[in-house]
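The structure appears right after this line, and notes come after that.
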Amino acid sequence: MAPQISFTKYENEVLPDFRKKINLAESTEDVINCFVQTITELCNTVFDKKIDFDFEDVTLILDREPHFKMSQRFFGSDEFATVWNDSDLSRVIGRFAKSAMNRYKRLEKYSEKTDKKMRK
């Protein structure tokens with residue numbers, strides 16, 4: 001069994017900025033952008049920019065777990081697949097996704113209430 005690699009250190013580096021941005025998000029689109037930017041930044045740091053992560057490579061999924069999807073193109077890369085399988089990276093990203101999903105749902109609920117009040 002291969003030793004488990006932990007990326008909690010990287011998570012803790014970007015977490016304060018992520019929380020700040022997610023709390024300031026005014027729309028569900030802001031939440032998605034914040035999540036994707038944070039995960040892109042995290043992955044670029046983890047892989048030391050050896051793998052190019054773009055905005056389209058990460059997707060927030062609200063209706064099922066895990067609440068994110070990584071582009072399939074990464075799983076063909078030995079470097080990515082090894083890190084993904086032998087580390088806590090998927091759990092780290094999952095925690096960010098869960099926070100983003102919760103904020104998304106809160107904003108969605110709040111916007112519905114605001115729309116109802118404005119129609120009256």
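Ligands are numbered from 1 in the order shown, residues from 1 within each chain, and chains are lettered A, B, ... in the order they appear in the structure tokens.
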
Hey, what's within 9 Å of range 1-17 of chain A if we count only C-alpha atoms and toss same-chain stuff fewer than 2 positions away? As a short mmCIF file (atom, residue, chain, number, x, y, z; two decimals) with C-alpha atoms, in the first residue's frame, please?
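And here is the file that came out, selection13.cif:
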data_model
loop_
_atom_site.label_atom_id
_atom_site.label_comp_id
_atom_site.auth_asym_id
_atom_site.auth_seq_id
_atom_site.Cartn_x
_atom_site.Cartn_y
_atom_site.Cartn_z
CA ARG A 19 -14.22 31.73 2.76
CA LYS A 20 -13.97 35.49 2.37
CA LYS A 21 -14.90 35.36 -1.31
CA ILE A 22 -17.70 32.83 -0.83
CA THR A 38 -9.92 28.42 -5.88
CA GLU A 41 -5.29 27.82 -7.94
CA LEU A 42 -5.03 24.88 -5.53
CA THR A 45 0.03 24.82 -6.67
CA VAL A 46 -0.22 21.09 -5.94
CA VAL A 83 -1.67 11.99 -6.91
CA ASN A 85 -5.41 8.01 -6.05
CA ASP A 86 -2.67 8.25 -3.39
CA SER A 87 -3.65 11.47 -1.64
CA ASP A 88 -6.45 13.33 0.07
CA LEU A 89 -6.79 15.79 -2.83
CA VAL A 92 -9.88 18.48 0.05
CA ILE A 93 -11.68 19.55 -3.14
CA PHE A 96 -14.47 23.22 -0.85
#

Where does DSSP see strand (DSSP E) in chain A, if you list the residues as a tab-separated table (two decimals) with N, CA and C atoms, in the first residue's frame?
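The new file result.tsv reads:
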chain	number	residue	atom	x	y	z
A	58	VAL	N	-13.00	22.19	-13.97
A	58	VAL	CA	-13.62	21.90	-12.68
A	58	VAL	C	-15.08	22.35	-12.75
A	59	THR	N	-15.98	21.50	-12.28
A	59	THR	CA	-17.40	21.81	-12.30
A	59	THR	C	-17.99	21.57	-10.92
A	60	LEU	N	-18.82	22.50	-10.47
A	60	LEU	CA	-19.55	22.35	-9.22
A	60	LEU	C	-20.86	21.63	-9.54
A	68	PHE	N	-18.47	17.91	-7.03
A	68	PHE	CA	-17.61	18.49	-8.06
A	68	PHE	C	-17.25	17.40	-9.07
A	69	LYS	N	-16.78	17.88	-10.20
A	69	LYS	CA	-16.31	16.97	-11.25
A	69	LYS	C	-15.04	17.55	-11.85
A	70	MET	N	-14.05	16.71	-11.99
A	70	MET	CA	-12.80	17.11	-12.64
A	70	MET	C	-12.84	16.62	-14.08

Next on the checklist: From the options A:Arg64, A:Thr82, A:Asp52, A:Ser111, which residue's atoms come nearest to Gly94 in chain A, counting only C-alpha atoms?
Outcome noted: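 Closest to Gly94 in chain A, using only C-alpha atoms: A:Arg64.
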
Checklist entry - What separation in Å, quoted to one decimal, exists between CA of Val31 in chain A and CA of Tyr104 in chain A? => result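 Going from CA of Val31 in chain A over to CA of Tyr104 in chain A, I get 6.1 Å.
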
Next on the checklist: Nearest residue to Phe80 in chain A out of A:Phe18, A:Phe55, A:Phe47, A:Phe35, using only C-alpha atoms?
Outcome noted: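 Distance minimum relative to Phe80 in chain A lands on A:Phe47.
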
Item to check | Residue list (helix (DSSP H, G or I), DSSP) for range 2-76 of chain A, as a ChimeraX atom specification | outcome: /A:8-24,28-46,55-57,72-76

Item to check | Proximity to Asn23 in chain A - best of A:Cys43, A:Ala100, A:Tyr110, A:Glu56, only C-alpha atoms | outcome: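 Among A:Cys43, A:Ala100, A:Tyr110, A:Glu56, it is A:Ala100 that comes nearest to Asn23 in chain A.
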